[in-house]
file query29.pdb (PDB, C-alpha atoms and all ligand atoms)
ATOM      1  CA  MET A 752    -104.140   1.065-108.382  1.00  0.00           C
ATOM      2  CA  THR A 753    -105.028   2.562-111.711  1.00  0.00           C
ATOM      3  CA  VAL A 754    -106.330   5.996-112.608  1.00  0.00           C
ATOM      4  CA  LYS A 755    -109.247   5.294-114.936  1.00  0.00           C
ATOM      5  CA  ASN A 756    -110.560   7.399-117.837  1.00  0.00           C
ATOM      6  CA  ILE A 757    -113.653   9.438-116.892  1.00  0.00           C
ATOM      7  CA  LEU A 758    -116.408   9.397-119.546  1.00  0.00           C
ATOM      8  CA  LEU A 759    -117.455  12.819-120.822  1.00  0.00           C
ATOM      9  CA  HIS A 760    -121.075  13.880-121.515  1.00  0.00           C
ATOM     10  CA  PRO A 761    -122.708  13.239-123.936  1.00  0.00           C
ATOM     11  CA  ASP A 762    -122.162   9.477-123.684  1.00  0.00           C
ATOM     12  CA  PRO A 763    -124.963   6.875-123.741  1.00  0.00           C
ATOM     13  CA  ARG A 764    -123.321   4.988-120.867  1.00  0.00           C
ATOM     14  CA  LEU A 765    -123.904   8.005-118.594  1.00  0.00           C
ATOM     15  CA  LYS A 766    -127.660   7.751-119.257  1.00  0.00           C
ATOM     16  CA  LYS A 767    -128.070   4.050-118.452  1.00  0.00           C
ATOM     17  CA  VAL A 768    -129.389   2.587-115.174  1.00  0.00           C
ATOM     18  CA  ALA A 769    -126.547   0.676-113.502  1.00  0.00           C
ATOM     19  CA  THR A 770    -126.923  -2.941-112.338  1.00  0.00           C
ATOM     20  CA  PRO A 771    -127.051  -3.838-108.626  1.00  0.00           C
ATOM     21  CA  VAL A 772    -123.869  -5.458-107.298  1.00  0.00           C
ATOM     22  CA  ALA A 773    -124.527  -9.158-106.585  1.00  0.00           C
ATOM     23  CA  SER A 774    -121.655  -9.762-104.184  1.00  0.00           C
ATOM     24  CA  VAL A 775    -118.606  -8.018-102.769  1.00  0.00           C
ATOM     25  CA  SER A 776    -115.569  -9.514-104.541  1.00  0.00           C
ATOM     26  CA  ASP A 777    -111.848  -8.757-104.680  1.00  0.00           C
ATOM     27  CA  GLU A 778    -112.483  -7.408-108.192  1.00  0.00           C
ATOM     28  CA  LEU A 779    -115.058  -4.969-106.767  1.00  0.00           C
ATOM     29  CA  ARG A 780    -112.593  -3.941-104.043  1.00  0.00           C
ATOM     30  CA  ARG A 781    -109.970  -3.254-106.743  1.00  0.00           C
ATOM     31  CA  LEU A 782    -112.515  -1.185-108.712  1.00  0.00           C
ATOM     32  CA  ALA A 783    -113.371   0.861-105.583  1.00  0.00           C
ATOM     33  CA  ASP A 784    -109.636   1.511-105.039  1.00  0.00           C
ATOM     34  CA  ASP A 785    -109.184   2.601-108.655  1.00  0.00           C
ATOM     35  CA  MET A 786    -112.264   4.868-108.416  1.00  0.00           C
ATOM     36  CA  LEU A 787    -110.938   6.539-105.246  1.00  0.00           C
ATOM     37  CA  GLU A 788    -107.546   7.112-106.891  1.00  0.00           C
ATOM     38  CA  THR A 789    -109.253   8.474-110.009  1.00  0.00           C
ATOM     39  CA  MET A 790    -111.451  10.748-107.877  1.00  0.00           C
ATOM     40  CA  TYR A 791    -108.563  12.164-105.819  1.00  0.00           C
ATOM     41  CA  GLN A 792    -106.494  12.736-108.953  1.00  0.00           C
ATOM     42  CA  ALA A 793    -109.293  14.584-110.800  1.00  0.00           C
ATOM     43  CA  PRO A 794    -109.659  16.146-108.139  1.00  0.00           C
ATOM     44  CA  GLY A 795    -113.186  15.473-107.067  1.00  0.00           C
ATOM     45  CA  ILE A 796    -115.207  14.661-103.959  1.00  0.00           C
ATOM     46  CA  GLY A 797    -117.330  11.912-105.491  1.00  0.00           C
ATOM     47  CA  LEU A 798    -117.331   9.420-108.380  1.00  0.00           C
ATOM     48  CA  ALA A 799    -119.857   6.839-109.627  1.00  0.00           C
ATOM     49  CA  ALA A 800    -118.899   3.595-111.437  1.00  0.00           C
ATOM     50  CA  PRO A 801    -120.762   4.501-114.670  1.00  0.00           C
ATOM     51  CA  GLN A 802    -118.428   7.524-114.971  1.00  0.00           C
ATOM     52  CA  VAL A 803    -115.559   5.070-115.484  1.00  0.00           C
ATOM     53  CA  ALA A 804    -117.709   2.942-117.846  1.00  0.00           C
ATOM     54  CA  VAL A 805    -118.575   0.268-115.244  1.00  0.00           C
ATOM     55  CA  MET A 806    -122.369  -0.169-115.235  1.00  0.00           C
ATOM     56  CA  GLU A 807    -122.593  -1.294-111.583  1.00  0.00           C
ATOM     57  CA  ARG A 808    -124.209   0.395-108.560  1.00  0.00           C
ATOM     58  CA  LEU A 809    -121.052   1.522-106.761  1.00  0.00           C
ATOM     59  CA  ILE A 810    -120.030   5.053-105.696  1.00  0.00           C
ATOM     60  CA  VAL A 811    -117.086   6.516-103.792  1.00  0.00           C
ATOM     61  CA  MET A 812    -116.985   9.829-101.897  1.00  0.00           C
ATOM     62  CA  ASP A 813    -114.680  11.936 -99.812  1.00  0.00           C
ATOM     63  CA  CYS A 814    -116.200  15.318 -99.141  1.00  0.00           C
ATOM     64  CA  ALA A 815    -113.635  16.196 -96.466  1.00  0.00           C
ATOM     65  CA  LYS A 816    -112.280  18.440 -99.152  1.00  0.00           C
ATOM     66  CA  ASP A 817    -110.016  20.725 -97.154  1.00  0.00           C
ATOM     67  CA  ASP A 818    -106.461  19.714 -98.034  1.00  0.00           C
ATOM     68  CA  ASP A 819    -105.412  19.545 -94.398  1.00  0.00           C
ATOM     69  CA  ALA A 820    -108.473  17.468 -93.415  1.00  0.00           C
ATOM     70  CA  THR A 821    -107.776  13.762 -92.936  1.00  0.00           C
ATOM     71  CA  PRO A 822    -109.259  11.928 -95.946  1.00  0.00           C
ATOM     72  CA  GLU A 823    -112.580  10.221 -95.234  1.00  0.00           C
ATOM     73  CA  PRO A 824    -112.960   7.868 -98.224  1.00  0.00           C
ATOM     74  CA  MET A 825    -116.356   6.137 -98.385  1.00  0.00           C
ATOM     75  CA  VAL A 826    -117.336   3.208-100.639  1.00  0.00           C
ATOM     76  CA  LEU A 827    -121.111   2.688-101.026  1.00  0.00           C
ATOM     77  CA  ILE A 828    -122.396  -0.449-102.789  1.00  0.00           C
ATOM     78  CA  ASN A 829    -126.064  -0.493-103.961  1.00  0.00           C
ATOM     79  CA  PRO A 830    -126.781   2.818-102.182  1.00  0.00           C
ATOM     80  CA  GLU A 831    -130.439   3.793-101.714  1.00  0.00           C
ATOM     81  CA  VAL A 832    -131.965   6.991-100.332  1.00  0.00           C
ATOM     82  CA  VAL A 833    -134.379   5.784 -97.626  1.00  0.00           C
ATOM     83  CA  TRP A 834    -135.405   9.208 -96.178  1.00  0.00           C
ATOM     84  CA  THR A 835    -135.245  12.823 -97.348  1.00  0.00           C
ATOM     85  CA  SER A 836    -135.748  16.016 -95.299  1.00  0.00           C
ATOM     86  CA  GLU A 837    -138.535  18.463 -96.125  1.00  0.00           C
ATOM     87  CA  GLU A 838    -135.907  21.186 -96.057  1.00  0.00           C
ATOM     88  CA  ARG A 839    -134.147  21.739 -99.398  1.00  0.00           C
ATOM     89  CA  SER A 840    -130.747  23.267-100.164  1.00  0.00           C
ATOM     90  CA  VAL A 841    -129.216  24.751-103.306  1.00  0.00           C
ATOM     91  CA  TYR A 842    -125.635  24.019-104.362  1.00  0.00           C
ATOM     92  CA  ASP A 843    -123.595  25.229-107.356  1.00  0.00           C
ATOM     93  CA  GLU A 844    -122.900  21.754-108.738  1.00  0.00           C
ATOM     94  CA  GLY A 845    -120.266  20.548-111.176  1.00  0.00           C
ATOM     95  CA  CYS A 846    -119.525  17.096-112.566  1.00  0.00           C
ATOM     96  CA  LEU A 847    -116.296  15.356-113.556  1.00  0.00           C
ATOM     97  CA  SER A 848    -118.126  14.150-116.690  1.00  0.00           C
ATOM     98  CA  ILE A 849    -119.148  17.720-117.583  1.00  0.00           C
ATOM     99  CA  PRO A 850    -115.964  19.679-116.778  1.00  0.00           C
ATOM    100  CA  GLU A 851    -115.987  23.488-116.485  1.00  0.00           C
ATOM    101  CA  HIS A 852    -119.784  23.728-116.275  1.00  0.00           C
ATOM    102  CA  TYR A 853    -121.545  24.649-113.032  1.00  0.00           C
ATOM    103  CA  ALA A 854    -125.188  25.360-112.216  1.00  0.00           C
ATOM    104  CA  GLU A 855    -127.407  25.704-109.156  1.00  0.00           C
ATOM    105  CA  VAL A 856    -129.293  22.518-108.281  1.00  0.00           C
ATOM    106  CA  GLU A 857    -131.857  22.282-105.476  1.00  0.00           C
ATOM    107  CA  ARG A 858    -132.021  19.003-103.527  1.00  0.00           C
ATOM    108  CA  PRO A 859    -133.239  17.774-100.102  1.00  0.00           C
ATOM    109  CA  ALA A 860    -130.852  19.274 -97.517  1.00  0.00           C
ATOM    110  CA  GLU A 861    -130.545  16.001 -95.594  1.00  0.00           C
ATOM    111  CA  VAL A 862    -130.855  12.402 -96.757  1.00  0.00           C
ATOM    112  CA  GLU A 863    -130.619   9.023 -95.063  1.00  0.00           C
ATOM    113  CA  VAL A 864    -128.872   6.408 -97.204  1.00  0.00           C
ATOM    114  CA  SER A 865    -128.697   2.627 -96.833  1.00  0.00           C
ATOM    115  CA  TRP A 866    -125.926   0.682 -98.584  1.00  0.00           C
ATOM    116  CA  LEU A 867    -123.735  -2.421 -98.477  1.00  0.00           C
ATOM    117  CA  GLY A 868    -120.172  -1.798 -97.241  1.00  0.00           C
ATOM    118  CA  LEU A 869    -117.029  -3.485 -98.588  1.00  0.00           C
ATOM    119  CA  ASP A 870    -117.155  -5.553 -95.364  1.00  0.00           C
ATOM    120  CA  GLY A 871    -120.496  -7.015 -96.524  1.00  0.00           C
ATOM    121  CA  GLN A 872    -122.377  -5.222 -93.723  1.00  0.00           C
ATOM    122  CA  VAL A 873    -125.543  -3.176 -94.438  1.00  0.00           C
ATOM    123  CA  LYS A 874    -124.999   0.435 -93.334  1.00  0.00           C
ATOM    124  CA  ARG A 875    -127.379   3.352 -92.867  1.00  0.00           C
ATOM    125  CA  GLU A 876    -126.334   6.964 -92.324  1.00  0.00           C
ATOM    126  CA  ARG A 877    -127.840  10.451 -92.454  1.00  0.00           C
ATOM    127  CA  PHE A 878    -125.928  13.011 -94.577  1.00  0.00           C
ATOM    128  CA  ASP A 879    -126.227  16.795 -94.548  1.00  0.00           C
ATOM    129  CA  GLY A 880    -124.316  19.692 -96.111  1.00  0.00           C
ATOM    130  CA  LEU A 881    -121.975  18.945 -98.997  1.00  0.00           C
ATOM    131  CA  TRP A 882    -122.053  15.201 -98.210  1.00  0.00           C
ATOM    132  CA  ALA A 883    -125.848  15.200 -98.777  1.00  0.00           C
ATOM    133  CA  THR A 884    -125.481  17.014-102.108  1.00  0.00           C
ATOM    134  CA  CYS A 885    -122.656  14.714-103.192  1.00  0.00           C
ATOM    135  CA  VAL A 886    -124.322  11.404-102.285  1.00  0.00           C
ATOM    136  CA  GLN A 887    -127.507  12.428-104.157  1.00  0.00           C
ATOM    137  CA  HIS A 888    -125.410  13.556-107.157  1.00  0.00           C
ATOM    138  CA  GLU A 889    -123.611  10.176-107.180  1.00  0.00           C
ATOM    139  CA  ILE A 890    -126.746   8.039-106.738  1.00  0.00           C
ATOM    140  CA  ASP A 891    -128.270  10.018-109.634  1.00  0.00           C
ATOM    141  CA  HIS A 892    -125.337   8.840-111.777  1.00  0.00           C
ATOM    142  CA  LEU A 893    -126.351   5.209-111.020  1.00  0.00           C
ATOM    143  CA  ASP A 894    -129.795   6.003-112.473  1.00  0.00           C
ATOM    144  CA  GLY A 895    -128.447   7.761-115.571  1.00  0.00           C
ATOM    145  CA  THR A 896    -129.340  11.218-114.238  1.00  0.00           C
ATOM    146  CA  LEU A 897    -126.877  14.135-114.579  1.00  0.00           C
ATOM    147  CA  PHE A 898    -127.125  17.443-112.697  1.00  0.00           C
ATOM    148  CA  ILE A 899    -127.879  19.178-116.018  1.00  0.00           C
ATOM    149  CA  ASP A 900    -131.122  17.156-116.200  1.00  0.00           C
ATOM    150  CA  TYR A 901    -132.448  19.478-113.464  1.00  0.00           C
ATOM    151  CA  LEU A 902    -131.800  22.601-115.555  1.00  0.00           C
ATOM    152  CA  LYS A 903    -134.089  24.352-118.042  1.00  0.00           C
ATOM    153  CA  PRO A 904    -133.917  22.672-121.494  1.00  0.00           C
ATOM    154  CA  LEU A 905    -132.209  25.666-123.164  1.00  0.00           C
ATOM    155  CA  LYS A 906    -129.422  25.754-120.553  1.00  0.00           C
ATOM    156  CA  ARG A 907    -128.986  21.960-120.757  1.00  0.00           C
ATOM    157  CA  GLN A 908    -128.810  22.063-124.576  1.00  0.00           C
ATOM    158  CA  MET A 909    -126.211  24.855-124.459  1.00  0.00           C
ATOM    159  CA  ILE A 910    -123.991  22.794-122.109  1.00  0.00           C
ATOM    160  CA  THR A 911    -124.442  19.647-124.214  1.00  0.00           C
ATOM    161  CA  ARG A 912    -123.513  21.523-127.410  1.00  0.00           C
ATOM    162  CA  LYS A 913    -120.378  22.950-125.759  1.00  0.00           C
ATOM    163  CA  MET A 914    -119.388  19.457-124.547  1.00  0.00           C
ATOM    164  CA  GLN A 915    -119.916  18.030-128.069  1.00  0.00           C
ATOM    165  CA  LYS A 916    -117.576  20.752-129.408  1.00  0.00           C
ATOM    166  CA  LEU A 917    -114.991  19.981-126.687  1.00  0.00           C
ATOM    167  CA  LYS A 918    -115.129  16.251-127.520  1.00  0.00           C
ATOM    168  CA  ARG A 919    -114.702  16.977-131.259  1.00  0.00           C
ATOM    169  CA  GLU A 920    -111.636  19.123-130.479  1.00  0.00           C
ATOM    170  CA  MET A 921    -110.227  16.407-128.186  1.00  0.00           C
ATOM    171  CA  ALA A 922    -110.770  13.787-130.896  1.00  0.00           C
ATOM    172  CA  ARG A 923    -108.756  15.969-133.316  1.00  0.00           C
ATOM    173  CA  GLY A 924    -105.979  15.858-130.729  1.00  0.00           C
TER     174      GLY A 924
HETATM  175  O1  LIG B1001    -119.808  12.888-109.643  1.00  0.00           O
HETATM  176  C1  LIG B1001    -118.979  13.713-110.014  1.00  0.00           C
HETATM  177  O2  LIG B1001    -118.898  14.117-111.172  1.00  0.00           O
HETATM  178  C2  LIG B1001    -118.069  14.350-108.963  1.00  0.00           C
HETATM  179  C3  LIG B1001    -118.750  15.602-108.526  1.00  0.00           C
HETATM  180  C4  LIG B1001    -119.399  15.351-107.199  1.00  0.00           C
HETATM  181  C5  LIG B1001    -120.176  16.548-106.742  1.00  0.00           C
HETATM  182  C6  LIG B1001    -120.880  17.372-107.630  1.00  0.00           C
HETATM  183  C7  LIG B1001    -121.593  18.456-107.132  1.00  0.00           C
HETATM  184  C8  LIG B1001    -121.618  18.736-105.782  1.00  0.00           C
HETATM  185  C9  LIG B1001    -120.921  17.914-104.920  1.00  0.00           C
HETATM  186  C10 LIG B1001    -120.212  16.833-105.409  1.00  0.00           C
HETATM  187  C11 LIG B1001    -117.795  16.794-108.499  1.00  0.00           C
HETATM  188  O3  LIG B1001    -117.325  17.094-109.750  1.00  0.00           O
HETATM  189  S1  LIG B1001    -116.397  16.629-107.511  1.00  0.00           S
HETATM  190  C12 LIG B1001    -115.766  18.266-107.776  1.00  0.00           C
HETATM  191  C13 LIG B1001    -116.229  19.162-106.669  1.00  0.00           C
HETATM  192  C14 LIG B1001    -115.291  19.513-105.736  1.00  0.00           C
HETATM  193  C15 LIG B1001    -115.692  20.289-104.651  1.00  0.00           C
HETATM  194  C16 LIG B1001    -117.023  20.703-104.511  1.00  0.00           C
HETATM  195  C17 LIG B1001    -117.961  20.333-105.463  1.00  0.00           C
HETATM  196  C18 LIG B1001    -117.563  19.558-106.563  1.00  0.00           C
HETATM  197 ZN    ZN B1002    -121.101  13.922-111.658  1.00  0.00          ZN
END
call {"tool": "encode", "arguments": {"input": "query29.pdb", "output": "structure tokens"}}
result
Amino acid sequence: MTVKNILLHPDPRLKKVATPVASVSDELRRLADDMLETMYQAPGIGLAAPQVAVMERLIVMDCAKDDDATPEPMVLINPEVVWTSEERSVYDEGCLSIPEHYAEVERPAEVEVSWLGLDGQVKRERFDGLWATCVQHEIDHLDGTLFIDYLKPLKRQMITRKMQKLKREMARG
């Protein structure tokens, strides 16, 4: 298992549409393992393959975020939202690719998602609460959408400029 480097915004790879996974392979299983390890170490409750520079439609989640809760790691291949509730909810979102920046994002409160599991079976599940927010945030990553894309342009530009400054400072070491 390897902890992988998480790409930081702005990065063109975070704006690309990821490619559907053709088949579940041992290599894909290894990637899912590495993504879960990377997510837990961050720490985070979700991670999408493009965030570790792999342009494939694969996300991992574990929103059972209380430390004493038993981990509930999920691996979703080619996830698709197949139903959204009328009801909407607002969550103060962050992103492992945009560290230290948070902003309120409104999304459908409940979503039904269909995906391919590591066992090759098609699965379908309804998510609510933090799981609903997280799965929509991760599927957005597969389509090159970041939570800051939902903000007003001025606020988005301010965050992008601060991230460019952070990346310049990191490059200087
Ligand atoms: O995709 C990512 O960057 C991981 C995100 C997932 C996420 C964002 C907003 C709301 C829910 C999930 C987070 O950075 S993981 C960090 C975190 C931890 C607890 C609660 C919310 C976010
Ligand atoms: Zn994110």
call {"tool": "residues_near_ligand", "arguments": {"input": "query29.pdb", "ligand": "ligand ZN 1002 (chain B)", "cutoff": "7 Å", "atoms": "only C-alpha atoms and all ligand atoms", "output": "list of chain:residue names"}}
result
A:Leu798, A:Gly845, A:Cys846, A:Leu847, A:Ser848, A:His888, A:Glu889, A:His892, A:Leu897
call {"tool": "write_last_selection", "arguments": {"input": "query29.pdb", "atoms": "C-alpha atoms", "output": "compact mmCIF listing (two decimals), in the frame of the given file"}}
result
# COMPACT_ATOMS: atom_id res chain seq x y z
CA LEU A 798 -117.33 9.42 -108.38
CA GLY A 845 -120.27 20.55 -111.18
CA CYS A 846 -119.52 17.10 -112.57
CA LEU A 847 -116.30 15.36 -113.56
CA SER A 848 -118.13 14.15 -116.69
CA HIS A 888 -125.41 13.56 -107.16
CA GLU A 889 -123.61 10.18 -107.18
CA HIS A 892 -125.34 8.84 -111.78
CA LEU A 897 -126.88 14.14 -114.58
call {"tool": "residues_around", "arguments": {"input": "query29.pdb", "residues": "Ser865 (chain A)", "least_positions_apart": "3", "cutoff": "6 Å", "atoms": "only C-alpha atoms", "output": "list in words"}}
result
Pro830, Glu831, Lys874 and Arg875 of chain A
call {"tool": "atom_distance", "arguments": {"input": "query29.pdb", "atom1": "CA of Asp777 (chain A)", "atom2": "CA of Gly895 (chain A)"}}
result
25.8 Å
call {"tool": "residues_near_ligand", "arguments": {"input": "query29.pdb", "ligand": "ligand LIG 1001 (chain B)", "cutoff": "8 Å", "atoms": "all atoms listed in the file", "output": "VMD selection string"}}
result
chain A and resid 790 794 to 799 802 814 816 842 to 850 881 to 882 884 to 886 888 to 889 892 898
call {"tool": "closest_residue", "arguments": {"input": "query29.pdb", "among": "A:Val754, A:Val832, A:Met921, A:Val873", "to": "Pro859 (chain A)", "atoms": "all atoms listed in the file"}}
result
A:Val832
call {"tool": "atom_distance", "arguments": {"input": "query29.pdb", "atom1": "CA of Tyr853 (chain A)", "atom2": "CA of Ala793 (chain A)"}}
result
16.0 Å
call {"tool": "resolve_selection", "arguments": {"input": "query29.pdb", "expression": "the PyMOL selection byres (((chain A and resi 785) around 6) and not hetatm)", "output": "count of residues only"}}
result
9
call {"tool": "atom_distance", "arguments": {"input": "query29.pdb", "atom1": "CA of Glu778 (chain A)", "atom2": "CA of Val862 (chain A)"}}
result
29.3 Å
call {"tool": "resolve_selection", "arguments": {"input": "query29.pdb", "expression": "the PyMOL selection byres (((chain A and resi 828) around 7) and not hetatm)", "output": "number ranges by chain"}}
result
A: 772, 808-810, 826-827, 829-830, 866-868
call {"tool": "closest_residue", "arguments": {"input": "query29.pdb", "among": "A:Gln908, A:Leu893, A:Pro801, A:Pro822", "to": "Lys755 (chain A)", "atoms": "all atoms listed in the file"}}
result
A:Pro801
call {"tool": "closest_residue", "arguments": {"input": "query29.pdb", "among": "A:Val811, A:Gln872, A:Ala883, A:Asp891", "to": "Ala860 (chain A)", "atoms": "all atoms listed in the file"}}
result
A:Ala883
call {"tool": "closest_residue", "arguments": {"input": "query29.pdb", "among": "A:Asp870, A:Leu905, A:Phe878, A:Gln915", "to": "Met812 (chain A)", "atoms": "all atoms listed in the file"}}
result
A:Phe878
call {"tool": "closest_residue", "arguments": {"input": "query29.pdb", "among": "A:Glu876, A:Arg919, A:Val775, A:Leu758", "to": "Thr789 (chain A)", "atoms": "only C-alpha atoms"}}
result
A:Leu758
call {"tool": "resolve_selection", "arguments": {"input": "query29.pdb", "expression": "the PyMOL selection byres (((chain A and resi 857) around 6) and not hetatm)", "output": "count of residues only"}}
result
4
call {"tool": "closest_residue", "arguments": {"input": "query29.pdb", "among": "A:Pro763, A:Asn756, A:Arg912, A:Glu807", "to": "Leu779 (chain A)", "atoms": "all atoms listed in the file"}}
result
A:Glu807
call {"tool": "build_atoms", "arguments": {"input": "query29.pdb", "residues": "region 755-764 of chain A", "atoms": "all heavy atoms", "output": "mmCIF file, in the coordinates of the input"}}
result
data_model
loop_
_atom_site.group_PDB
_atom_site.id
_atom_site.type_symbol
_atom_site.label_atom_id
_atom_site.label_comp_id
_atom_site.auth_asym_id
_atom_site.auth_seq_id
_atom_site.Cartn_x
_atom_site.Cartn_y
_atom_site.Cartn_z
ATOM 1 N N LYS A 755 -108.434 5.702 -113.783
ATOM 2 C CA LYS A 755 -109.247 5.294 -114.936
ATOM 3 C C LYS A 755 -109.737 6.524 -115.702
ATOM 4 O O LYS A 755 -109.813 7.628 -115.142
ATOM 5 C CB LYS A 755 -110.451 4.463 -114.454
ATOM 6 C CG LYS A 755 -110.003 3.178 -113.746
ATOM 7 C CD LYS A 755 -111.156 2.445 -113.094
ATOM 8 C CE LYS A 755 -111.893 1.574 -114.089
ATOM 9 N NZ LYS A 755 -111.193 0.318 -114.436
ATOM 10 N N ASN A 756 -110.042 6.323 -116.989
ATOM 11 C CA ASN A 756 -110.560 7.399 -117.837
ATOM 12 C C ASN A 756 -112.001 7.719 -117.425
ATOM 13 O O ASN A 756 -112.812 6.803 -117.230
ATOM 14 C CB ASN A 756 -110.520 6.930 -119.305
ATOM 15 C CG ASN A 756 -111.151 7.954 -120.229
ATOM 16 O OD1 ASN A 756 -110.805 9.129 -120.169
ATOM 17 N ND2 ASN A 756 -112.115 7.506 -121.031
ATOM 18 N N ILE A 757 -112.299 9.029 -117.275
ATOM 19 C CA ILE A 757 -113.653 9.438 -116.892
ATOM 20 C C ILE A 757 -114.434 9.794 -118.159
ATOM 21 O O ILE A 757 -113.987 10.632 -118.948
ATOM 22 C CB ILE A 757 -113.610 10.643 -115.926
ATOM 23 C CG1 ILE A 757 -112.932 10.240 -114.607
ATOM 24 C CG2 ILE A 757 -115.017 11.187 -115.682
ATOM 25 C CD1 ILE A 757 -112.792 11.363 -113.590
ATOM 26 N N LEU A 758 -115.577 9.144 -118.359
ATOM 27 C CA LEU A 758 -116.408 9.397 -119.546
ATOM 28 C C LEU A 758 -116.901 10.838 -119.545
ATOM 29 O O LEU A 758 -117.233 11.389 -118.482
ATOM 30 C CB LEU A 758 -117.622 8.452 -119.566
ATOM 31 C CG LEU A 758 -117.348 6.946 -119.685
ATOM 32 C CD1 LEU A 758 -118.677 6.184 -119.671
ATOM 33 C CD2 LEU A 758 -116.568 6.638 -120.960
ATOM 34 N N LEU A 759 -116.951 11.449 -120.698
ATOM 35 C CA LEU A 759 -117.455 12.819 -120.822
ATOM 36 C C LEU A 759 -118.835 12.813 -121.472
ATOM 37 O O LEU A 759 -119.078 12.096 -122.435
ATOM 38 C CB LEU A 759 -116.484 13.659 -121.669
ATOM 39 C CG LEU A 759 -115.096 13.926 -121.056
ATOM 40 C CD1 LEU A 759 -114.269 14.788 -121.998
ATOM 41 C CD2 LEU A 759 -115.226 14.589 -119.690
ATOM 42 N N HIS A 760 -119.746 13.648 -120.927
ATOM 43 C CA HIS A 760 -121.075 13.880 -121.515
ATOM 44 C C HIS A 760 -120.882 14.564 -122.861
ATOM 45 O O HIS A 760 -119.993 15.418 -122.983
ATOM 46 C CB HIS A 760 -121.880 14.773 -120.561
ATOM 47 C CG HIS A 760 -123.133 15.329 -121.131
ATOM 48 N ND1 HIS A 760 -124.280 14.568 -121.278
ATOM 49 C CD2 HIS A 760 -123.426 16.560 -121.620
ATOM 50 C CE1 HIS A 760 -125.227 15.326 -121.823
ATOM 51 N NE2 HIS A 760 -124.742 16.538 -122.036
ATOM 52 N N PRO A 761 -121.660 14.271 -123.921
ATOM 53 C CA PRO A 761 -122.708 13.239 -123.936
ATOM 54 C C PRO A 761 -122.116 11.858 -124.233
ATOM 55 O O PRO A 761 -121.233 11.728 -125.092
ATOM 56 C CB PRO A 761 -123.621 13.689 -125.080
ATOM 57 C CG PRO A 761 -122.743 14.476 -125.993
ATOM 58 C CD PRO A 761 -121.670 15.101 -125.151
ATOM 59 N N ASP A 762 -122.603 10.862 -123.496
ATOM 60 C CA ASP A 762 -122.162 9.477 -123.684
ATOM 61 C C ASP A 762 -123.319 8.580 -123.232
ATOM 62 O O ASP A 762 -123.803 8.725 -122.104
ATOM 63 C CB ASP A 762 -120.900 9.199 -122.845
ATOM 64 C CG ASP A 762 -120.331 7.811 -123.129
ATOM 65 O OD1 ASP A 762 -121.115 6.835 -123.092
ATOM 66 O OD2 ASP A 762 -119.126 7.697 -123.394
ATOM 67 N N PRO A 763 -123.791 7.694 -124.094
ATOM 68 C CA PRO A 763 -124.963 6.875 -123.741
ATOM 69 C C PRO A 763 -124.794 6.101 -122.430
ATOM 70 O O PRO A 763 -125.758 5.881 -121.699
ATOM 71 C CB PRO A 763 -125.123 5.923 -124.924
ATOM 72 C CG PRO A 763 -123.881 6.044 -125.733
ATOM 73 C CD PRO A 763 -123.261 7.355 -125.411
ATOM 74 N N ARG A 764 -123.547 5.762 -122.104
ATOM 75 C CA ARG A 764 -123.321 4.988 -120.867
ATOM 76 C C ARG A 764 -123.626 5.821 -119.617
ATOM 77 O O ARG A 764 -123.914 5.297 -118.555
ATOM 78 C CB ARG A 764 -121.872 4.483 -120.834
ATOM 79 C CG ARG A 764 -121.583 3.409 -121.868
ATOM 80 C CD ARG A 764 -120.108 3.189 -122.078
ATOM 81 N NE ARG A 764 -119.502 4.339 -122.786
ATOM 82 C CZ ARG A 764 -118.224 4.358 -123.157
ATOM 83 N NH1 ARG A 764 -117.432 3.334 -122.881
ATOM 84 N NH2 ARG A 764 -117.732 5.414 -123.796
#
